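Visitor: Just one file: model_6.cif, with mmCIF, C-alpha atoms.
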```cif
data_data
#
loop_
_atom_site.label_atom_id
_atom_site.label_comp_id
_atom_site.auth_asym_id
_atom_site.auth_seq_id
_atom_site.Cartn_x
_atom_site.Cartn_y
_atom_site.Cartn_z
CA MET V 1 195.96 75.72 88.51
CA PRO V 2 195.16 75.93 92.24
CA ASP V 3 197.73 74.23 94.49
CA ILE V 4 195.32 71.68 95.95
CA ASP V 5 194.04 70.60 92.54
CA GLU V 6 197.61 70.33 91.27
CA ARG V 7 198.75 68.22 94.21
CA PHE V 8 195.83 65.85 93.66
CA LEU V 9 196.61 65.70 89.95
CA ILE V 10 200.27 64.91 90.60
CA GLU V 11 199.33 62.12 93.02
CA ARG V 12 197.11 60.57 90.39
CA CYS V 13 199.92 60.86 87.84
CA LYS V 14 202.27 59.08 90.24
CA SER V 15 199.86 56.17 90.48
CA GLY V 16 199.97 55.82 86.68
CA ASP V 17 196.82 57.67 85.65
CA ARG V 18 197.53 58.57 82.03
CA ALA V 19 194.59 60.98 81.74
CA SER V 20 195.88 62.96 84.73
CA PHE V 21 199.29 63.25 83.13
CA ASP V 22 197.64 64.47 79.97
CA THR V 23 195.92 67.21 81.99
CA LEU V 24 199.17 68.15 83.71
CA VAL V 25 200.93 68.48 80.36
CA ARG V 26 198.18 70.69 78.99
CA ALA V 27 198.42 72.96 82.05
CA TYR V 28 202.12 73.66 81.52
CA GLU V 29 202.96 72.94 77.87
CA LYS V 30 202.65 76.56 76.73
CA ARG V 31 204.94 77.90 79.44
CA VAL V 32 207.40 75.10 78.88
CA TYR V 33 207.52 75.72 75.14
CA ASN V 34 207.92 79.47 75.68
CA LEU V 35 210.76 78.92 78.13
CA ALA V 36 212.41 76.43 75.77
CA TYR V 37 212.13 78.89 72.87
CA ARG V 38 213.54 81.83 74.84
CA LEU V 39 216.42 79.63 75.96
CA SER V 40 217.27 78.17 72.57
CA GLY V 41 216.09 80.95 70.22
CA ASN V 42 214.97 78.26 67.79
CA TYR V 43 211.48 76.79 67.21
CA ASP V 44 212.59 73.24 66.42
CA GLU V 45 214.99 73.21 69.33
CA ALA V 46 212.20 74.49 71.56
CA ASN V 47 210.00 71.56 70.46
CA ASP V 48 212.73 68.98 71.12
CA ILE V 49 213.64 70.49 74.49
CA SER V 50 210.01 70.56 75.58
CA VAL V 51 209.30 66.96 74.55
CA ASP V 52 212.47 65.73 76.29
CA ALA V 53 211.59 67.73 79.38
CA PHE V 54 208.09 66.24 79.68
CA LEU V 55 209.52 62.77 79.13
CA ARG V 56 211.94 63.34 82.01
CA VAL V 57 209.04 64.61 84.10
CA TYR V 58 207.10 61.43 83.37
CA GLN V 59 210.07 59.25 84.29
CA ALA V 60 210.99 61.17 87.45
CA LEU V 61 207.57 62.18 88.78
CA LYS V 62 207.66 59.45 91.43
CA LEU V 63 210.70 61.25 92.91
CA PHE V 64 208.91 64.62 93.20
CA ARG V 65 208.36 65.12 96.92
CA GLY V 66 206.31 68.34 96.71
CA GLU V 67 208.69 70.39 98.85
CA ALA V 68 209.03 73.01 96.09
CA HIS V 69 206.37 74.18 93.66
CA PHE V 70 205.82 71.79 90.80
CA SER V 71 206.50 74.66 88.35
CA THR V 72 209.93 75.24 89.91
CA TRP V 73 210.74 71.55 89.58
CA LEU V 74 209.43 71.49 86.01
CA PHE V 75 211.42 74.55 84.91
CA ARG V 76 214.52 73.10 86.51
CA ILE V 77 214.11 70.07 84.26
CA VAL V 78 213.54 72.23 81.17
CA THR V 79 216.63 74.30 81.98
CA ASN V 80 218.72 71.17 82.55
CA VAL V 81 217.58 69.67 79.25
CA TYR V 82 218.58 72.92 77.52
CA LEU V 83 221.99 73.09 79.25
CA ASP V 84 222.67 69.41 78.50
CA ARG V 85 221.95 69.97 74.82
CA ARG V 86 224.22 73.00 74.78
CA LYS V 87 227.04 70.94 76.27
CA ARG V 88 226.60 68.25 73.61
CA MET V 89 226.42 70.80 70.82
CA ARG V 90 229.64 72.44 71.92
CA ASN V 91 231.38 69.08 71.50
CA LYS V 92 230.16 68.65 67.95
CA GLN V 93 231.95 70.11 64.95
CA HIS V 94 230.32 73.12 63.46
CA LEU V 95 229.03 72.63 59.94
CA SER V 96 230.47 75.09 57.47
CA LEU V 97 228.34 76.39 54.64
CA GLU V 98 231.51 76.95 52.65
CA GLU V 99 232.26 73.25 52.60
CA TYR V 100 231.77 71.76 49.21
CA ILE V 101 230.78 68.23 48.26
CA GLU V 102 232.80 66.86 45.41
CA LEU V 103 230.72 65.10 42.78
CA GLU V 104 231.88 63.56 39.54
CA GLU V 105 231.26 66.59 37.41
CA ASN V 106 230.17 69.49 39.54
CA SER V 107 230.63 70.71 43.05
CA VAL V 108 227.66 71.78 45.04
CA SER V 109 227.61 73.60 48.33
CA ARG V 110 226.47 71.64 51.37
CA GLN V 111 222.74 72.02 51.88
CA VAL V 112 221.58 73.14 55.30
CA GLU V 113 217.98 73.04 56.43
CA ASP V 114 216.45 76.52 56.62
CA PRO V 115 215.72 77.25 60.30
CA SER V 116 213.29 80.05 59.46
CA PRO V 117 209.96 79.87 61.21
CA THR V 118 206.99 78.30 59.52
CA PRO V 119 204.14 80.53 58.33
CA PHE V 120 202.24 79.59 61.48
CA GLN V 121 205.08 80.93 63.59
CA ALA V 122 205.47 84.11 61.46
CA ALA V 123 202.94 86.02 63.63
CA GLU V 124 205.54 86.19 66.39
CA ASN V 125 208.40 87.05 64.10
CA ASN V 126 208.57 90.84 64.33
CA GLU V 127 211.70 92.96 64.35
CA ARG V 128 211.62 93.89 68.01
CA SER V 129 211.21 90.35 69.30
CA ARG V 130 213.87 89.07 66.99
CA VAL V 131 216.39 91.66 68.10
CA LEU V 132 215.64 90.99 71.73
CA GLN V 133 215.94 87.25 71.24
CA ASP V 134 219.25 87.70 69.43
CA ALA V 135 220.54 89.74 72.36
CA ILE V 136 219.45 87.01 74.78
CA ASN V 137 221.03 84.34 72.58
CA ASP V 138 224.38 86.09 72.90
CA LEU V 139 224.37 85.74 76.68
CA PRO V 140 226.35 82.88 78.32
CA ASP V 141 224.16 79.83 78.93
CA TYR V 142 223.57 80.28 82.66
CA GLN V 143 222.91 84.02 82.41
CA ARG V 144 220.52 83.39 79.55
CA ALA V 145 218.65 80.76 81.55
CA MET V 146 218.39 83.04 84.59
CA VAL V 147 217.15 86.01 82.57
CA VAL V 148 214.49 83.96 80.85
CA LEU V 149 213.34 82.28 84.06
CA TYR V 150 213.06 85.61 85.86
CA HIS V 151 211.57 87.78 83.12
CA THR V 152 209.63 85.29 81.00
CA GLU V 153 208.41 82.85 83.60
CA GLY V 154 208.28 85.29 86.50
CA LEU V 155 210.27 83.11 88.90
CA SER V 156 211.68 84.74 92.05
CA TYR V 157 215.35 84.91 93.01
CA ASP V 158 214.60 82.17 95.56
CA GLU V 159 213.15 79.84 93.01
CA ILE V 160 215.98 80.45 90.54
CA ALA V 161 218.49 79.81 93.33
CA THR V 162 216.72 76.47 94.01
CA ILE V 163 216.82 75.51 90.35
CA PHE V 164 220.54 76.12 90.02
CA SER V 165 221.45 75.15 93.59
CA LEU V 166 223.19 78.51 94.00
CA PRO V 167 223.12 81.13 96.76
CA ILE V 168 220.64 83.97 96.16
CA GLY V 169 223.48 86.47 96.13
CA THR V 170 225.11 84.65 93.21
CA VAL V 171 221.83 84.54 91.30
CA LYS V 172 221.28 88.29 91.83
CA SER V 173 224.84 89.05 90.80
CA ARG V 174 224.63 87.00 87.58
CA LEU V 175 221.23 88.42 86.71
CA ASN V 176 222.55 91.88 87.27
CA ARG V 177 225.45 91.22 84.91
CA ALA V 178 223.11 89.72 82.30
CA ARG V 179 220.79 92.72 82.42
CA LEU V 180 223.64 95.15 82.03
CA THR V 181 224.91 93.19 79.04
CA LEU V 182 221.46 93.29 77.48
CA LYS V 183 221.15 96.98 78.22
CA ASN V 184 224.37 97.60 76.31
CA LYS V 185 223.13 95.57 73.35
CA LEU V 186 219.71 97.21 73.25
CA GLU V 187 220.83 100.77 73.83
CA PRO V 188 221.83 101.40 70.18
CA LEU V 189 218.33 100.26 69.18
CA LYS V 190 216.41 102.48 71.54
CA GLU V 191 214.33 103.91 68.71
CA LEU V 192 213.15 100.37 67.91
CA PHE V 193 212.08 99.68 71.48
CA GLY V 194 210.88 103.19 72.35
CA ASN V 195 211.15 104.83 75.80
CA MET E 1 229.81 104.89 97.33
CA GLN E 2 232.05 103.88 94.42
CA CYS E 3 230.66 102.98 90.96
CA ASP E 4 231.73 99.30 91.19
CA HIS E 5 229.95 98.97 94.51
CA ALA E 6 226.88 100.88 93.28
CA GLN E 7 226.44 98.60 90.26
CA GLU E 8 225.69 95.65 92.52
CA PHE E 9 222.49 97.31 93.70
CA PHE E 10 221.10 98.54 90.39
CA SER E 11 218.71 95.60 89.89
CA ASP E 12 217.31 95.88 93.41
CA TYR E 13 216.95 99.63 92.96
CA VAL E 14 215.01 99.20 89.73
CA THR E 15 212.61 96.75 91.38
CA HIS E 16 212.34 98.82 94.60
CA GLU E 17 213.66 95.96 96.68
CA MET E 18 216.36 97.88 98.49
CA ASP E 19 216.77 98.73 102.13
CA HIS E 20 215.68 102.37 102.50
CA ALA E 21 218.96 103.60 103.95
CA LEU E 22 220.95 101.88 101.24
CA ALA E 23 218.61 103.26 98.54
CA VAL E 24 219.22 106.79 99.77
CA THR E 25 222.99 106.22 99.63
CA LEU E 26 222.68 104.90 96.08
CA GLU E 27 220.51 107.82 94.99
CA ASN E 28 223.07 110.24 96.35
CA HIS E 29 225.68 108.54 94.18
CA LEU E 30 223.42 108.54 91.11
CA ASN E 31 222.80 112.25 91.56
CA THR E 32 226.53 112.83 91.22
CA CYS E 33 227.48 110.12 88.66
CA ARG E 34 226.09 110.50 85.13
CA ALA E 35 227.49 107.18 83.93
CA CYS E 36 225.76 105.22 86.70
CA ARG E 37 222.59 107.23 86.19
CA GLU E 38 222.52 106.32 82.48
CA THR E 39 223.28 102.71 83.34
CA VAL E 40 220.32 102.55 85.70
CA GLU E 41 218.05 104.10 83.05
CA GLY E 42 219.27 101.64 80.44
CA LEU E 43 218.76 98.80 82.88
CA ARG E 44 215.23 99.91 83.65
CA HIS E 45 214.51 100.01 79.93
CA ALA E 46 215.96 96.54 79.29
CA TRP E 47 214.02 95.22 82.24
CA THR E 48 210.75 96.49 80.88
CA THR E 49 211.54 95.10 77.44
CA LEU E 50 212.33 91.70 78.90
CA ASP E 51 209.15 91.68 80.97
CA GLU E 52 207.15 92.54 77.88
CA MET E 53 208.52 89.70 75.78
CA PRO E 54 205.55 88.10 74.02
CA ILE E 55 204.56 84.56 74.85
CA VAL E 56 205.40 82.14 72.04
CA ASP E 57 202.66 79.62 71.29
CA PRO E 58 203.63 76.04 70.60
CA PRO E 59 202.77 74.52 67.20
CA PRO E 60 199.48 72.62 66.82
CA TYR E 61 201.06 69.10 66.90
CA PHE E 62 203.00 69.88 70.07
CA HIS E 63 200.74 68.14 72.61
CA ALA E 64 200.28 65.07 70.40
CA ASN E 65 204.06 64.85 70.02
CA ILE E 66 204.59 64.80 73.77
CA MET E 67 201.89 62.21 74.49
CA GLU E 68 203.19 59.96 71.72
CA LYS E 69 206.62 59.91 73.39
CA ILE E 70 204.99 59.18 76.75
CA SER E 71 203.02 56.30 75.22
CA ALA E 72 206.22 54.85 73.77
CA GLU E 73 207.88 55.15 77.18
CA GLN E 74 204.91 53.41 78.86
CA ALA E 75 205.01 50.60 76.31
CA ALA E 76 208.74 50.13 76.95
CA GLU E 77 208.09 49.90 80.72
CA ASP E 78 205.29 47.34 80.27
CA ARG E 79 207.34 45.08 78.03
CA PRO E 80 208.54 42.04 80.06
CA LEU E 81 212.21 41.90 80.63
CA ILE E 82 213.67 38.93 78.87
CA ILE E 83 217.02 37.93 80.17
CA PRO E 84 218.78 36.02 77.42
CA ARG E 85 220.23 32.74 78.52
CA ARG E 86 223.92 32.81 77.96
CA ALA E 87 225.67 29.75 76.65
CA PHE E 88 228.23 28.34 79.03
CA ASN E 89 231.54 29.87 78.29
CA TRP E 90 234.14 27.11 78.37
CA ARG E 91 236.88 29.67 78.46
CA THR E 92 236.04 30.37 82.11
CA LEU E 93 237.48 26.94 82.97
CA PHE E 94 240.86 28.13 81.78
CA GLN E 95 240.92 31.43 83.53
CA PRO E 96 243.78 31.86 85.98
CA ARG E 97 241.55 31.88 89.04
CA THR E 98 239.73 28.69 88.07
CA LEU E 99 243.00 26.90 87.31
CA ALA E 100 244.45 28.07 90.61
CA TYR E 101 241.48 26.67 92.57
CA ALA E 102 241.76 23.33 90.74
CA ALA E 103 245.51 23.11 91.37
CA VAL E 104 245.13 23.82 95.08
CA SER E 105 242.39 21.20 95.41
CA LEU E 106 244.51 18.53 93.70
CA ILE E 107 247.57 19.36 95.81
CA LEU E 108 245.52 19.05 99.01
CA LEU E 109 244.03 15.73 97.93
CA PHE E 110 247.29 14.06 96.97
CA GLY E 111 249.13 15.68 99.83
CA MET E 112 246.87 13.92 102.28
CA GLU E 113 247.66 10.60 100.61
CA ILE E 114 251.39 11.18 100.59
CA LEU E 115 251.58 12.33 104.19
CA GLN E 116 249.61 9.35 105.67
CA ALA E 117 251.68 6.99 107.88
CA GLN E 118 252.03 3.43 106.55
CA ARG E 119 250.17 1.75 109.40
CA ALA E 120 247.78 4.58 110.05
CA SER E 121 244.16 4.59 108.95
CA LEU E 122 243.50 4.53 105.30
CA GLY E 123 243.93 7.78 103.42
CA PRO E 124 240.90 9.16 101.66
CA LEU E 125 241.66 7.50 98.32
CA GLY E 126 242.53 4.17 99.96
CA TYR E 127 239.40 4.24 102.05
CA LEU E 128 237.36 5.02 99.01
CA TRP E 129 238.98 2.10 97.11
CA ASN E 130 238.28 -0.27 99.95
CA VAL E 131 234.64 0.74 100.07
CA LEU E 132 234.22 0.16 96.35
CA HIS E 133 236.38 -3.00 96.09
CA PRO E 134 236.53 -4.81 99.45
CA SER E 135 239.40 -7.34 99.26
CA PRO E 136 239.37 -10.61 101.25
CA LEU E 137 241.68 -10.89 104.23
CA LEU E 138 242.61 -14.45 103.20
CA THR E 139 242.77 -16.62 100.19
CA THR E 140 243.09 -20.36 100.13
CA ASP E 141 245.54 -21.37 97.50
CA ARG E 142 244.60 -25.05 97.67
CA VAL E 143 243.26 -27.76 99.96
CA GLU E 144 244.86 -31.23 99.52
CA TRP E 145 244.02 -34.68 100.95
CA THR E 146 246.92 -36.98 101.23
CA PRO E 147 245.84 -40.52 102.15
CA ASN E 148 248.19 -42.70 104.10
CA GLY E 149 246.82 -46.03 102.74
CA LEU E 150 244.80 -46.99 105.87
CA GLY E 151 241.71 -44.92 105.15
CA SER E 152 243.04 -41.91 107.10
CA GLY E 153 245.21 -39.19 105.82
CA THR E 154 246.21 -35.54 106.13
CA LEU E 155 244.18 -32.58 105.04
CA THR E 156 246.63 -29.88 103.98
CA VAL E 157 245.37 -26.29 103.72
CA HIS E 158 247.53 -23.64 102.03
CA LEU E 159 246.68 -20.21 103.30
CA ARG E 160 247.81 -16.75 102.28
CA ALA E 161 246.83 -13.48 103.97
CA HIS E 162 246.39 -10.32 101.92
CA ALA E 163 248.39 -7.20 102.51
CA GLN E 164 246.40 -4.21 103.69
CA ALA E 165 245.13 -1.67 101.16
CA ASN E 166 247.76 0.80 102.28
CA GLY E 167 250.51 -1.76 101.55
CA ALA E 168 251.16 -2.67 105.17
CA GLU E 169 251.70 -6.31 106.17
CA ASN E 170 248.61 -8.20 107.27
CA HIS E 171 249.12 -10.13 110.47
CA LEU E 172 246.36 -12.51 111.48
CA TRP E 173 245.72 -15.16 114.08
CA TYR E 174 243.72 -18.14 112.96
CA HIS E 175 241.70 -20.99 114.35
CA LEU E 176 241.05 -23.69 111.76
CA GLN E 177 238.28 -26.17 112.60
CA LEU E 178 236.74 -29.02 110.71
CA THR E 179 233.06 -29.62 111.50
CA GLY E 180 230.73 -32.49 110.65
CA LYS E 181 226.99 -32.77 110.39
CA LEU E 182 225.15 -34.41 113.22
CA GLY E 183 221.49 -34.30 112.39
CA GLN E 184 220.70 -30.68 111.68
CA ASP E 185 223.71 -29.32 113.52
CA ASN E 186 227.36 -28.88 112.63
CA VAL E 187 229.64 -30.11 115.39
CA ALA E 188 233.39 -29.79 115.69
CA VAL E 189 235.33 -32.88 114.72
CA LYS E 190 237.57 -33.98 117.59
CA ASN E 191 241.22 -33.35 117.08
CA ALA E 192 240.56 -31.68 113.78
CA SER E 193 241.59 -28.09 114.58
CA ARG E 194 244.67 -25.98 114.46
CA ASP E 195 245.63 -22.50 115.77
CA GLY E 196 248.42 -20.30 114.60
CA GLU E 197 249.58 -17.12 112.99
CA ILE E 198 249.70 -16.13 109.37
CA ASP E 199 251.04 -13.08 107.61
CA SER E 200 250.95 -11.64 104.12
CA LEU E 201 254.67 -12.16 103.58
CA ARG E 202 254.52 -15.95 103.23
CA GLU E 203 252.20 -18.84 102.58
CA THR E 204 251.03 -20.65 105.66
CA VAL E 205 250.49 -24.41 105.42
CA VAL E 206 248.22 -26.06 107.96
CA LYS E 207 248.03 -29.88 108.23
CA LEU E 208 245.13 -31.67 109.81
CA PRO E 209 245.49 -35.42 110.24
CA LEU E 210 242.07 -37.03 109.92
CA ASP E 211 240.67 -40.54 110.31
CA SER E 212 238.78 -40.30 107.08
CA PRO E 213 238.76 -37.98 104.15
CA PRO E 214 236.32 -35.03 104.53
CA SER E 215 233.51 -34.44 102.06
CA GLU E 216 231.48 -31.38 101.23
CA ALA E 217 228.33 -33.33 101.85
CA ARG E 218 229.26 -34.16 105.43
CA ASN E 219 231.89 -31.62 106.48
CA SER E 220 232.72 -27.96 106.61
CA LEU E 221 236.10 -26.38 107.13
CA ASN E 222 235.99 -23.01 108.85
CA ILE E 223 238.74 -20.63 109.67
CA THR E 224 238.32 -17.88 112.21
CA LEU E 225 240.67 -14.99 111.70
CA SER E 226 241.37 -12.14 114.06
CA PRO E 227 243.89 -9.32 114.03
CA SER E 228 244.91 -10.00 117.63
CA ASP E 229 245.76 -13.16 119.53
CA ASN E 230 242.89 -12.97 121.96
CA GLY E 231 240.71 -14.38 119.20
CA ALA E 232 237.73 -12.19 119.96
CA GLU E 233 237.95 -8.65 118.81
CA GLY E 234 237.56 -7.98 115.04
CA SER E 235 237.40 -11.72 114.17
CA GLN E 236 235.91 -13.14 111.02
CA THR E 237 234.90 -16.67 110.20
CA LEU E 238 235.31 -17.87 106.64
CA ALA E 239 234.30 -21.11 105.00
CA ILE E 240 237.05 -22.93 103.11
CA PRO E 241 235.78 -24.92 100.15
CA LEU E 242 236.62 -28.60 100.39
CA THR E 243 237.36 -30.67 97.38
CA PRO E 244 235.25 -33.82 97.16
CA GLY E 245 236.59 -36.55 99.40
CA GLN E 246 239.33 -38.50 97.95
#
```
Can you dump the structure from the file as structure tokens?
Guide:
Amino acid sequence: MPDIDERFLIERCKSGDRASFDTLVRAYEKRVYNLAYRLSGNYDEANDISVDAFLRVYQALKLFRGEAHFSTWLFRIVTNVYLDRRKRMRNKQHLSLEEYIELEENSVSRQVEDPSPTPFQAAENNERSRVLQDAINDLPDYQRAMVVLYHTEGLSYDEIATIFSLPIGTVKSRLNRARLTLKNKLEPLKELFGN
Amino acid sequence: MQCDHAQEFFSDYVTHEMDHALAVTLENHLNTCRACRETVEGLRHAWTTLDEMPIVDPPPYFHANIMEKISAEQAAEDRPLIIPRRAFNWRTLFQPRTLAYAAVSLILLFGMEILQAQRASLGPLGYLWNVLHPSPLLTTDRVEWTPNGLGSGTLTVHLRAHAQANGAENHLWYHLQLTGKLGQDNVAVKNASRDGEIDSLRETVVKLPLDSPPSEARNSLNITLSPSDNGAEGSQTLAIPLTPGQ
């Protein structure tokens, strides 16, 4: 979306124009969902993160001053929603599949919802992507977020530094570390990824 | 260049974002260090793989989901804020602060009463009592006519002054005068007056010898009272009821 059109659209959103907000969502929903998926590695999580992020955008749009690109501001919100959820999840107890529920006669294992993708999502589910996503999922939260923002969304070091309120040098250093970690994980699978 | 130092520049080298001089230094190191060379190659490969990650499409209900949440948020914003009226909490009257304020107020009020001088102006409570229940300065216990058998006699007036509201003694000067009607006017009866001093500690008896007994129809008995003996300042004139002539 051209900058001028986007600025006009955002102004209309700020004044409460629902149709303009609908247009703004449509312009960015795919990128937001993709970012959310690459961050979380889970389709349902990606949906929840994206919905929460757009809700925060709606609530906070009046505070957007336009000093940075709207996309930078938006991805900052998506990343923060993801990191907040990760913090909350770390505080929760992990559910063990080995835990049994005692019934009167028989014991049954605890049932956990199958997180496998739906048939609609199966088109994306190939070996290479899954391995890559697993490697990304193993990264620490901040490194994961930086890798995805740089390589999936194409943000610059500057923009990533703005999102995390970090010096550019720190961003470069962490990205470097993340890439080397991924390189080590992917190296054994070179034949899968080709040269 | 050492390996640890070289590693910091690998990403910039892969993306050709290095200063030329520094790039040459790094290349010289890579030419001599197999480990770093392999690391750079692996990094380049990972980089390409990351850049080629496919875009994941959202599910078909995704947009509807978002706009439904926004609608709910809008509805919540539009709902008027109802502030529930809270019932008065009687317990607040017994909180330490409230009790302290009440105690201080009572102490101040009674303290002012206690500290007032006896003959000074009325304290706040006394003043308030006087305003609500003004008491007479004087009461007449009785008025008596004692005839002497020749048509004349003595009019005896028993007077008692009231103590002041603050308990101090009331000290009054009086002028007692009998008047009689003459046409439409009331004129002083000759030799039918007395002056003196009365106080609240004792009854004062005033005797007026008269040629004939007074009657309410023809006479009036007035007493002018003043707090000082000059008879002018702060004086009051009261009518003393006469019993029918004897």
Visitor: What are the residues of chain E that have an atom within 9 Å of an atom of chain V, counting only C-alpha atoms, as a PyMOL selection string?
Guide: chain E and resi 7-12+39-40+42-47+49-59+62-63+65-67+69-70+73
Visitor: Excluding Lys87 in chain V and its own-chain neighbours fewer than 6 positions away, which residues fall within 12 Å of it when counting all atoms listed in the file? Please give them as a list in words.
Guide: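 Using all atoms listed in the file, the neighbours found are Asn80, Val81, Asp141 and Tyr142 of chain V.
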Visitor: If you count all atoms listed in the file, which residues fall within 8 Å of range 205-215 of chain E, apart from same-chain ones fewer than 2 positions away, as an MDAnalysis selection string?
Guide: chainID E and resid 145 147 151:159 192:194 203 217:220 242:246
Visitor: Using the file's own x, y and z axes, what box holds all listed atoms of range 30-47 of chain V with 8 Å on each side, keeping edges along x, y and z, and what are its centre and edge lengths in Å to one decimal, as lines of an AutoDock Vina configuration file?
Guide:
```
center_x = 210.0
center_y = 76.7
center_z = 72.9
size_x = 30.6
size_y = 26.3
size_z = 29.0
```
Visitor: Report, in Å to a single decimal, how far apart CA of Ile114 in chain E and CA of Phe94 in chain E are.
Guide: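 Between these atoms lies a distance of 27.4 Å.
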Visitor: Take CA of Gly183 in chain E and CA of Asp195 in chain E and report the distance between them in Å, one decimal.
Guide: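 Distance reported for this atom pair: 27.1 Å.
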Visitor: Please compute the CA of Pro188 in chain V-CA of Glu27 in chain E distance, one decimal, in Å.
Guide: 25.7 Å
